[in-house]
Amino acid sequence: FTEERIEIPVSEPTTSPQGIIVATLTVPKKPFNPPSAVVIAHGFGGHRNYCYLKILAHRLADESHGLYSIRFDFRNCGESSEIKSSKGRTLQEDLRDLDDVINYIKSKRNLEVLALIGHSRGALASLWYAVENKSSIPFLVNCSGRYRTELIKEKVARTSPKWQEEGGFWAEVPRYLTKKKIFIPAHETNSLAQPTLTRLLELPYTTTFLTIYGLEDQAVSVDDAAMFHDLLGEHRHSLHYLPDADHNFYSIDSETKQRVNHNPKVVDIIANWISEDERQKRLLSRS
């Protein structure tokens, strides 16, 4: 495969005048027919190359998959432009970024979007994008994504108990290959608490879902994973748990005290689930 660094113009009207979304397009040597792409979205405090995102893109480009992928930095993250709004990077801004990336893939690269793959906040954005746009994208992958969106407020309060009174909180995020402390306005957090994910049932029955959770996730309750499964049912939804893994799919070995990386397992699960053979099996089992 080959990779290209891409700068996608932010569409107008925008809170990022003349802004760009920085992305990496992974191009397989032997593309699947019809040529198809997956869109990979990072979570809060992340960037397009963290956790499993980069190695997943490389795996999906291999000969057995032949898939293009585009992974990108949301605005206010990584190398993408700043959002110039007192409301911060709201969920609606994330949806706009996703829309710009998807339109680029379709109009500039003439590729069909096969799947949206999101981690944590990127999973919420991907799922909500599908709902808001009545999407026909057939495969949606949720890694560590929250079902009970309102609980984001409790999660923020654990480390910033006065975030509502103070109008927000400070967080360290990756910017331009370094760490930068930025203010997260309360409006941004509140926007993430609004989606009602029972609306996933509005998507076409042909849409199928994969959810992956680490059983030691301290950011999002693993109970949420079962809630996705209960909502969507076993014919549409596949659920995988990784013992010992945390929110970003790492753990600490109890004996050596060394960090253990479970992200390759995440890649294995997604790559298998999205393979042509597994897609055909799911189709047959539901027909």
# chains A, B, ... in the order shown; residues from 1 in each chain; ligands from 1

call {"tool": "residues_around", "arguments": {"residues": "A:Asp73", "least_positions_apart": "2", "cutoff": "12 Å", "atoms": "only C-alpha atoms", "output": "MDAnalysis selection string"}}
result
chainID A and resid 5:8 20:24 39:50 53 70:71 75:82 94 97:98 101 122 173:177

call {"tool": "closest_atom_pairs", "arguments": {"of": "stretch 110-184 of chain A", "to": "stretch 221-241 of chain A", "cutoff": "12 Å", "atoms": "only C-alpha atoms", "output": "Markdown table"}}
result
| residue | atom | partner | partner_atom | distance |
| --- | --- | --- | --- | --- |
| A:Ser120 | CA | A:Ser221 | CA | 11.7 |
| A:Leu127 | CA | A:Phe228 | CA | 11.4 |
| A:Pro138 | CA | A:Arg236 | CA | 10.7 |
| A:Phe139 | CA | A:Arg236 | CA | 9.9 |
| A:Leu140 | CA | A:His237 | CA | 9.6 |
| A:Val141 | CA | A:Ser238 | CA | 9.5 |
| A:Asn142 | CA | A:Ala225 | CA | 9.3 |
| A:Cys143 | CA | A:Ala225 | CA | 9.4 |
| A:Ser144 | CA | A:Ala225 | CA | 8.1 |
| A:Gly145 | CA | A:Ala225 | CA | 8.2 |
| A:Arg146 | CA | A:Asp224 | CA | 6.3 |
| A:Tyr147 | CA | A:Asp224 | CA | 5.2 |
| A:Arg148 | CA | A:Asp224 | CA | 6.7 |
| A:Thr149 | CA | A:Asp224 | CA | 9.6 |
| A:Glu150 | CA | A:Asp224 | CA | 11.9 |
| A:Leu151 | CA | A:Ser221 | CA | 9.4 |
| A:Ile152 | CA | A:Ser221 | CA | 10.7 |
| A:Glu154 | CA | A:Ser221 | CA | 11.6 |
| A:Lys155 | CA | A:Ser221 | CA | 10.2 |

call {"tool": "residues_around", "arguments": {"residues": "stretch 183-187 of chain A", "least_positions_apart": "6", "cutoff": "7 Å", "atoms": "only C-alpha atoms", "output": "mmCIF file with all heavy atoms, in the first residue's frame"}}
result
data_model
loop_
_atom_site.group_PDB
_atom_site.id
_atom_site.type_symbol
_atom_site.label_atom_id
_atom_site.label_comp_id
_atom_site.auth_asym_id
_atom_site.auth_seq_id
_atom_site.Cartn_x
_atom_site.Cartn_y
_atom_site.Cartn_z
ATOM 1 N N LYS A 87 -18.226 28.194 21.628
ATOM 2 C CA LYS A 87 -18.908 26.943 21.976
ATOM 3 C C LYS A 87 -17.973 25.742 21.917
ATOM 4 O O LYS A 87 -18.333 24.655 22.380
ATOM 5 C CB LYS A 87 -20.094 26.717 21.034
ATOM 6 C CG LYS A 87 -21.204 27.755 21.186
ATOM 7 C CD LYS A 87 -22.352 27.481 20.230
ATOM 8 C CE LYS A 87 -23.468 28.497 20.412
ATOM 9 N NZ LYS A 87 -24.594 28.245 19.476
ATOM 10 N N GLY A 88 -16.784 25.916 21.325
ATOM 11 C CA GLY A 88 -15.820 24.834 21.253
ATOM 12 C C GLY A 88 -16.107 23.855 20.130
ATOM 13 O O GLY A 88 -16.841 24.152 19.179
ATOM 14 N N TRP A 163 -16.888 22.049 36.528
ATOM 15 C CA TRP A 163 -16.869 22.413 35.106
ATOM 16 C C TRP A 163 -18.107 23.195 34.675
ATOM 17 O O TRP A 163 -18.012 24.076 33.804
ATOM 18 C CB TRP A 163 -16.678 21.178 34.235
ATOM 19 C CG TRP A 163 -17.855 20.239 34.176
ATOM 20 C CD1 TRP A 163 -18.133 19.223 35.033
ATOM 21 C CD2 TRP A 163 -18.901 20.231 33.194
ATOM 22 N NE1 TRP A 163 -19.278 18.575 34.662
ATOM 23 C CE2 TRP A 163 -19.779 19.171 33.537
ATOM 24 C CE3 TRP A 163 -19.193 21.010 32.070
ATOM 25 C CZ2 TRP A 163 -20.917 18.879 32.794
ATOM 26 C CZ3 TRP A 163 -20.323 20.708 31.317
ATOM 27 C CH2 TRP A 163 -21.175 19.661 31.691
ATOM 28 N N GLN A 164 -19.264 22.900 35.259
ATOM 29 C CA GLN A 164 -20.474 23.623 34.846
ATOM 30 C C GLN A 164 -20.475 25.053 35.376
ATOM 31 O O GLN A 164 -20.759 25.998 34.626
ATOM 32 C CB GLN A 164 -21.716 22.859 35.300
ATOM 33 C CG GLN A 164 -21.806 21.471 34.664
ATOM 34 C CD GLN A 164 -23.199 20.900 34.686
ATOM 35 O OE1 GLN A 164 -24.122 21.489 34.137
ATOM 36 N NE2 GLN A 164 -23.355 19.736 35.306
ATOM 37 N N GLY A 167 -17.943 27.118 33.494
ATOM 38 C CA GLY A 167 -18.164 27.247 32.057
ATOM 39 C C GLY A 167 -17.320 26.322 31.199
ATOM 40 O O GLY A 167 -17.232 26.503 29.981
ATOM 41 N N GLY A 168 -16.701 25.319 31.837
ATOM 42 C CA GLY A 168 -15.893 24.371 31.084
ATOM 43 C C GLY A 168 -14.732 23.858 31.921
ATOM 44 O O GLY A 168 -14.712 24.015 33.151
ATOM 45 N N PHE A 169 -13.747 23.246 31.263
ATOM 46 C CA PHE A 169 -12.584 22.699 31.963
ATOM 47 C C PHE A 169 -11.386 22.695 31.020
ATOM 48 O O PHE A 169 -11.534 22.834 29.796
ATOM 49 C CB PHE A 169 -12.871 21.280 32.481
ATOM 50 C CG PHE A 169 -13.093 20.256 31.386
ATOM 51 C CD1 PHE A 169 -12.056 19.405 30.977
ATOM 52 C CD2 PHE A 169 -14.325 20.123 30.758
ATOM 53 C CE1 PHE A 169 -12.251 18.469 29.973
ATOM 54 C CE2 PHE A 169 -14.529 19.179 29.750
ATOM 55 C CZ PHE A 169 -13.494 18.356 29.358
ATOM 56 N N TRP A 170 -10.194 22.533 31.598
ATOM 57 C CA TRP A 170 -8.963 22.487 30.813
ATOM 58 C C TRP A 170 -8.560 21.042 30.558
ATOM 59 O O TRP A 170 -8.716 20.180 31.425
ATOM 60 C CB TRP A 170 -7.843 23.224 31.543
ATOM 61 C CG TRP A 170 -8.050 24.715 31.571
ATOM 62 C CD1 TRP A 170 -8.707 25.431 32.528
ATOM 63 C CD2 TRP A 170 -7.634 25.646 30.582
ATOM 64 N NE1 TRP A 170 -8.719 26.765 32.209
ATOM 65 C CE2 TRP A 170 -8.065 26.925 31.012
ATOM 66 C CE3 TRP A 170 -6.935 25.545 29.385
ATOM 67 C CZ2 TRP A 170 -7.822 28.080 30.271
ATOM 68 C CZ3 TRP A 170 -6.683 26.695 28.646
ATOM 69 C CH2 TRP A 170 -7.131 27.942 29.089
ATOM 70 N N ALA A 171 -8.048 20.781 29.366
ATOM 71 C CA ALA A 171 -7.593 19.430 29.014
ATOM 72 C C ALA A 171 -6.368 19.529 28.128
ATOM 73 O O ALA A 171 -6.205 20.491 27.359
ATOM 74 C CB ALA A 171 -8.694 18.664 28.292
#

call {"tool": "select_by_dssp", "arguments": {"residues": "stretch 68-225 of chain A", "states": "strand (DSSP E or B)", "output": "PyMOL selection string"}}
result
chain A and resi 68-72+78+112-119+139-143+168-175+178-185+208-214

call {"tool": "closest_residue", "arguments": {"among": "A:Ser191, A:Thr208, A:Asn133, A:Gln218", "to": "A:Arg282", "atoms": "only C-alpha atoms"}}
result
A:Thr208

call {"tool": "residues_around", "arguments": {"residues": "A:Asn248", "least_positions_apart": "5", "cutoff": "9 Å", "atoms": "only C-alpha atoms", "output": "list in words"}}
result
Cys51, Tyr52, His119, Ser120, Cys143, Ser144, Gly214, Asp217, His262 and Asn263 of chain A

call {"tool": "residues_around", "arguments": {"residues": "A:Gly19", "least_positions_apart": "3", "cutoff": "7 Å", "atoms": "only C-alpha atoms", "output": "list in words"}}
result
Pro9, Val10, Ser16 and Ser81 of chain A

call {"tool": "select_by_dssp", "arguments": {"residues": "stretch 45-255 of chain A", "states": "alpha helix (DSSP H)", "output": "PyMOL selection string"}}
result
chain A and resi 53-60+91-107+121-132+152-159+186-192+223-232

call {"tool": "closest_residue", "arguments": {"among": "A:Ala57, A:Leu67, A:Ile105, A:Leu200", "to": "A:Lys29", "atoms": "only C-alpha atoms"}}
result
A:Leu67

call {"tool": "residues_around", "arguments": {"residues": "A:Ser135", "least_positions_apart": "6", "cutoff": "10 Å", "atoms": "only C-alpha atoms", "output": "ChimeraX atom specification"}}
result
/A:127-129,202-204,207

call {"tool": "atom_distance", "arguments": {"atom1": "atom CA of A:Pro28", "atom2": "atom CA of A:Glu63"}}
result
7.7 Å

call {"tool": "closest_residue", "arguments": {"among": "A:Phe32, A:Ala219, A:Val38, A:Arg96", "to": "A:Thr14", "atoms": "only C-alpha atoms"}}
result
A:Arg96

call {"tool": "atom_distance", "arguments": {"atom1": "atom CA of A:Glu216", "atom2": "atom CA of A:Leu91"}}
result
26.1 Å

call {"tool": "closest_residue", "arguments": {"among": "A:Asp246, A:Glu112, A:Glu3, A:Asp100", "to": "A:Leu215", "atoms": "only C-alpha atoms"}}
result
A:Asp246

call {"tool": "closest_atom_pairs", "arguments": {"of": "stretch 29-139 of chain A", "to": "stretch 264-281 of chain A", "cutoff": "8 Å", "atoms": "only C-alpha atoms", "output": "JSON lines"}}
result
{"residue": "A:Tyr52", "atom": "CA", "partner": "A:Val267", "partner_atom": "CA", "distance": 6.5}
{"residue": "A:Ile55", "atom": "CA", "partner": "A:Val267", "partner_atom": "CA", "distance": 7.3}
{"residue": "A:Leu56", "atom": "CA", "partner": "A:Val267", "partner_atom": "CA", "distance": 5.3}
{"residue": "A:Arg59", "atom": "CA", "partner": "A:Ala271", "partner_atom": "CA", "distance": 7.1}
{"residue": "A:Leu60", "atom": "CA", "partner": "A:Ala271", "partner_atom": "CA", "distance": 6.4}
{"residue": "A:Ser64", "atom": "CA", "partner": "A:Ser275", "partner_atom": "CA", "distance": 7.8}
{"residue": "A:His65", "atom": "CA", "partner": "A:Ser275", "partner_atom": "CA", "distance": 6.2}
{"residue": "A:Phe139", "atom": "CA", "partner": "A:Ile274", "partner_atom": "CA", "distance": 7.9}

call {"tool": "decode", "arguments": {"residues": "stretch 249-264 of chain A", "atoms": "all heavy atoms", "output": "PDB file, in the first residue's frame"}}
result
ATOM      1  N   PHE A 249      -7.548   0.370  25.052  1.00  0.00           N
ATOM      2  CA  PHE A 249      -7.104  -1.006  24.792  1.00  0.00           C
ATOM      3  C   PHE A 249      -5.650  -1.253  25.176  1.00  0.00           C
ATOM      4  O   PHE A 249      -4.879  -1.851  24.433  1.00  0.00           O
ATOM      5  CB  PHE A 249      -7.387  -1.403  23.337  1.00  0.00           C
ATOM      6  CG  PHE A 249      -8.832  -1.236  22.961  1.00  0.00           C
ATOM      7  CD1 PHE A 249      -9.232  -0.273  22.043  1.00  0.00           C
ATOM      8  CD2 PHE A 249      -9.813  -2.026  23.548  1.00  0.00           C
ATOM      9  CE1 PHE A 249     -10.564  -0.107  21.720  1.00  0.00           C
ATOM     10  CE2 PHE A 249     -11.153  -1.858  23.234  1.00  0.00           C
ATOM     11  CZ  PHE A 249     -11.535  -0.909  22.317  1.00  0.00           C
ATOM     12  N   TYR A 250      -5.318  -0.776  26.382  1.00  0.00           N
ATOM     13  CA  TYR A 250      -4.048  -1.093  27.010  1.00  0.00           C
ATOM     14  C   TYR A 250      -4.323  -1.675  28.396  1.00  0.00           C
ATOM     15  O   TYR A 250      -5.435  -1.565  28.922  1.00  0.00           O
ATOM     16  CB  TYR A 250      -3.165   0.155  27.164  1.00  0.00           C
ATOM     17  CG  TYR A 250      -2.661   0.731  25.867  1.00  0.00           C
ATOM     18  CD1 TYR A 250      -3.318   1.801  25.246  1.00  0.00           C
ATOM     19  CD2 TYR A 250      -1.516   0.223  25.243  1.00  0.00           C
ATOM     20  CE1 TYR A 250      -2.861   2.326  24.054  1.00  0.00           C
ATOM     21  CE2 TYR A 250      -1.048   0.757  24.053  1.00  0.00           C
ATOM     22  CZ  TYR A 250      -1.734   1.802  23.457  1.00  0.00           C
ATOM     23  OH  TYR A 250      -1.283   2.317  22.273  1.00  0.00           O
ATOM     24  N   SER A 251      -3.303  -2.294  28.985  1.00  0.00           N
ATOM     25  CA  SER A 251      -3.383  -2.728  30.378  1.00  0.00           C
ATOM     26  C   SER A 251      -1.972  -2.735  30.951  1.00  0.00           C
ATOM     27  O   SER A 251      -0.994  -2.536  30.224  1.00  0.00           O
ATOM     28  CB  SER A 251      -4.021  -4.123  30.487  1.00  0.00           C
ATOM     29  OG  SER A 251      -3.198  -5.110  29.878  1.00  0.00           O
ATOM     30  N   ILE A 252      -1.878  -2.960  32.249  1.00  0.00           N
ATOM     31  CA  ILE A 252      -0.587  -3.080  32.923  1.00  0.00           C
ATOM     32  C   ILE A 252      -0.449  -4.506  33.426  1.00  0.00           C
ATOM     33  O   ILE A 252      -1.324  -4.999  34.155  1.00  0.00           O
ATOM     34  CB  ILE A 252      -0.448  -2.094  34.096  1.00  0.00           C
ATOM     35  CG1 ILE A 252      -0.594  -0.643  33.594  1.00  0.00           C
ATOM     36  CG2 ILE A 252       0.879  -2.286  34.808  1.00  0.00           C
ATOM     37  CD1 ILE A 252       0.484  -0.191  32.641  1.00  0.00           C
ATOM     38  N   ASP A 253       0.628  -5.183  33.023  1.00  0.00           N
ATOM     39  CA  ASP A 253       0.876  -6.550  33.478  1.00  0.00           C
ATOM     40  C   ASP A 253       1.119  -6.535  34.993  1.00  0.00           C
ATOM     41  O   ASP A 253       1.959  -5.778  35.485  1.00  0.00           O
ATOM     42  CB  ASP A 253       2.093  -7.128  32.751  1.00  0.00           C
ATOM     43  CG  ASP A 253       2.311  -8.593  33.074  1.00  0.00           C
ATOM     44  OD1 ASP A 253       2.855  -8.870  34.166  1.00  0.00           O
ATOM     45  OD2 ASP A 253       1.948  -9.450  32.248  1.00  0.00           O
ATOM     46  N   SER A 254       0.363  -7.359  35.704  1.00  0.00           N
ATOM     47  CA  SER A 254       0.422  -7.344  37.175  1.00  0.00           C
ATOM     48  C   SER A 254       1.780  -7.765  37.717  1.00  0.00           C
ATOM     49  O   SER A 254       2.162  -7.358  38.821  1.00  0.00           O
ATOM     50  CB  SER A 254      -0.675  -8.249  37.751  1.00  0.00           C
ATOM     51  OG  SER A 254      -0.521  -9.584  37.288  1.00  0.00           O
ATOM     52  N   GLU A 255       2.506  -8.575  36.961  1.00  0.00           N
ATOM     53  CA  GLU A 255       3.807  -9.047  37.446  1.00  0.00           C
ATOM     54  C   GLU A 255       4.962  -8.150  37.000  1.00  0.00           C
ATOM     55  O   GLU A 255       5.796  -7.738  37.804  1.00  0.00           O
ATOM     56  CB  GLU A 255       4.039 -10.481  36.970  1.00  0.00           C
ATOM     57  CG  GLU A 255       3.075 -11.493  37.593  1.00  0.00           C
ATOM     58  CD  GLU A 255       3.384 -12.925  37.181  1.00  0.00           C
ATOM     59  OE1 GLU A 255       4.369 -13.129  36.441  1.00  0.00           O
ATOM     60  OE2 GLU A 255       2.637 -13.823  37.608  1.00  0.00           O
ATOM     61  N   THR A 256       5.009  -7.849  35.706  1.00  0.00           N
ATOM     62  CA  THR A 256       6.138  -7.069  35.182  1.00  0.00           C
ATOM     63  C   THR A 256       5.939  -5.571  35.308  1.00  0.00           C
ATOM     64  O   THR A 256       6.894  -4.798  35.199  1.00  0.00           O
ATOM     65  CB  THR A 256       6.370  -7.403  33.697  1.00  0.00           C
ATOM     66  OG1 THR A 256       5.235  -6.947  32.928  1.00  0.00           O
ATOM     67  CG2 THR A 256       6.546  -8.895  33.491  1.00  0.00           C
ATOM     68  N   LYS A 257       4.656  -5.161  35.504  1.00  0.00           N
ATOM     69  CA  LYS A 257       4.287  -3.731  35.562  1.00  0.00           C
ATOM     70  C   LYS A 257       4.518  -3.026  34.224  1.00  0.00           C
ATOM     71  O   LYS A 257       4.536  -1.791  34.159  1.00  0.00           O
ATOM     72  CB  LYS A 257       5.046  -2.998  36.685  1.00  0.00           C
ATOM     73  CG  LYS A 257       4.940  -3.665  38.060  1.00  0.00           C
ATOM     74  CD  LYS A 257       3.503  -3.817  38.499  1.00  0.00           C
ATOM     75  CE  LYS A 257       3.409  -4.492  39.865  1.00  0.00           C
ATOM     76  NZ  LYS A 257       2.001  -4.765  40.257  1.00  0.00           N
ATOM     77  N   GLN A 258       4.698  -3.803  33.174  1.00  0.00           N
ATOM     78  CA  GLN A 258       4.866  -3.238  31.838  1.00  0.00           C
ATOM     79  C   GLN A 258       3.506  -3.045  31.179  1.00  0.00           C
ATOM     80  O   GLN A 258       2.546  -3.778  31.445  1.00  0.00           O
ATOM     81  CB  GLN A 258       5.721  -4.160  30.967  1.00  0.00           C
ATOM     82  CG  GLN A 258       7.141  -4.355  31.472  1.00  0.00           C
ATOM     83  CD  GLN A 258       7.937  -3.065  31.427  1.00  0.00           C
ATOM     84  OE1 GLN A 258       8.001  -2.386  30.413  1.00  0.00           O
ATOM     85  NE2 GLN A 258       8.561  -2.729  32.553  1.00  0.00           N
ATOM     86  N   ARG A 259       3.437  -2.056  30.307  1.00  0.00           N
ATOM     87  CA  ARG A 259       2.177  -1.814  29.589  1.00  0.00           C
ATOM     88  C   ARG A 259       1.974  -2.870  28.517  1.00  0.00           C
ATOM     89  O   ARG A 259       2.906  -3.195  27.774  1.00  0.00           O
ATOM     90  CB  ARG A 259       2.172  -0.418  28.954  1.00  0.00           C
ATOM     91  CG  ARG A 259       0.796  -0.045  28.392  1.00  0.00           C
ATOM     92  CD  ARG A 259       0.706   1.418  28.059  1.00  0.00           C
ATOM     93  NE  ARG A 259       1.354   1.734  26.800  1.00  0.00           N
ATOM     94  CZ  ARG A 259       1.052   2.791  26.041  1.00  0.00           C
ATOM     95  NH1 ARG A 259       0.127   3.644  26.443  1.00  0.00           N
ATOM     96  NH2 ARG A 259       1.693   3.023  24.919  1.00  0.00           N
ATOM     97  N   VAL A 260       0.769  -3.410  28.455  1.00  0.00           N
ATOM     98  CA  VAL A 260       0.401  -4.416  27.463  1.00  0.00           C
ATOM     99  C   VAL A 260      -0.529  -3.757  26.443  1.00  0.00           C
ATOM    100  O   VAL A 260      -1.510  -3.097  26.809  1.00  0.00           O
ATOM    101  CB  VAL A 260      -0.315  -5.623  28.114  1.00  0.00           C
ATOM    102  CG1 VAL A 260      -0.696  -6.653  27.061  1.00  0.00           C
ATOM    103  CG2 VAL A 260       0.563  -6.235  29.190  1.00  0.00           C
ATOM    104  N   ASN A 261      -0.220  -3.940  25.173  1.00  0.00           N
ATOM    105  CA  ASN A 261      -0.975  -3.321  24.084  1.00  0.00           C
ATOM    106  C   ASN A 261      -1.944  -4.339  23.483  1.00  0.00           C
ATOM    107  O   ASN A 261      -1.534  -5.319  22.861  1.00  0.00           O
ATOM    108  CB  ASN A 261      -0.001  -2.806  23.015  1.00  0.00           C
ATOM    109  CG  ASN A 261      -0.709  -2.065  21.899  1.00  0.00           C
ATOM    110  OD1 ASN A 261      -1.930  -1.886  21.921  1.00  0.00           O
ATOM    111  ND2 ASN A 261       0.057  -1.625  20.910  1.00  0.00           N
ATOM    112  N   HIS A 262      -3.244  -4.082  23.649  1.00  0.00           N
ATOM    113  CA  HIS A 262      -4.272  -4.970  23.099  1.00  0.00           C
ATOM    114  C   HIS A 262      -4.805  -4.472  21.750  1.00  0.00           C
ATOM    115  O   HIS A 262      -5.711  -5.088  21.193  1.00  0.00           O
ATOM    116  CB  HIS A 262      -5.435  -5.093  24.083  1.00  0.00           C
ATOM    117  CG  HIS A 262      -5.039  -5.623  25.434  1.00  0.00           C
ATOM    118  ND1 HIS A 262      -4.942  -6.962  25.726  1.00  0.00           N
ATOM    119  CD2 HIS A 262      -4.684  -4.962  26.577  1.00  0.00           C
ATOM    120  CE1 HIS A 262      -4.577  -7.120  26.983  1.00  0.00           C
ATOM    121  NE2 HIS A 262      -4.397  -5.928  27.528  1.00  0.00           N
ATOM    122  N   ASN A 263      -4.250  -3.379  21.250  1.00  0.00           N
ATOM    123  CA  ASN A 263      -4.765  -2.804  20.004  1.00  0.00           C
ATOM    124  C   ASN A 263      -4.647  -3.743  18.803  1.00  0.00           C
ATOM    125  O   ASN A 263      -5.531  -3.751  17.942  1.00  0.00           O
ATOM    126  CB  ASN A 263      -4.097  -1.462  19.726  1.00  0.00           C
ATOM    127  CG  ASN A 263      -4.695  -0.358  20.579  1.00  0.00           C
ATOM    128  OD1 ASN A 263      -5.775   0.128  20.309  1.00  0.00           O
ATOM    129  ND2 ASN A 263      -3.993   0.012  21.643  1.00  0.00           N
ATOM    130  N   PRO A 264      -3.581  -4.577  18.707  1.00  0.00           N
ATOM    131  CA  PRO A 264      -3.560  -5.550  17.599  1.00  0.00           C
ATOM    132  C   PRO A 264      -4.755  -6.497  17.611  1.00  0.00           C
ATOM    133  O   PRO A 264      -5.225  -6.921  16.550  1.00  0.00           O
ATOM    134  CB  PRO A 264      -2.235  -6.289  17.822  1.00  0.00           C
ATOM    135  CG  PRO A 264      -1.353  -5.278  18.489  1.00  0.00           C
ATOM    136  CD  PRO A 264      -2.278  -4.545  19.418  1.00  0.00           C
TER     137      PRO A 264
END
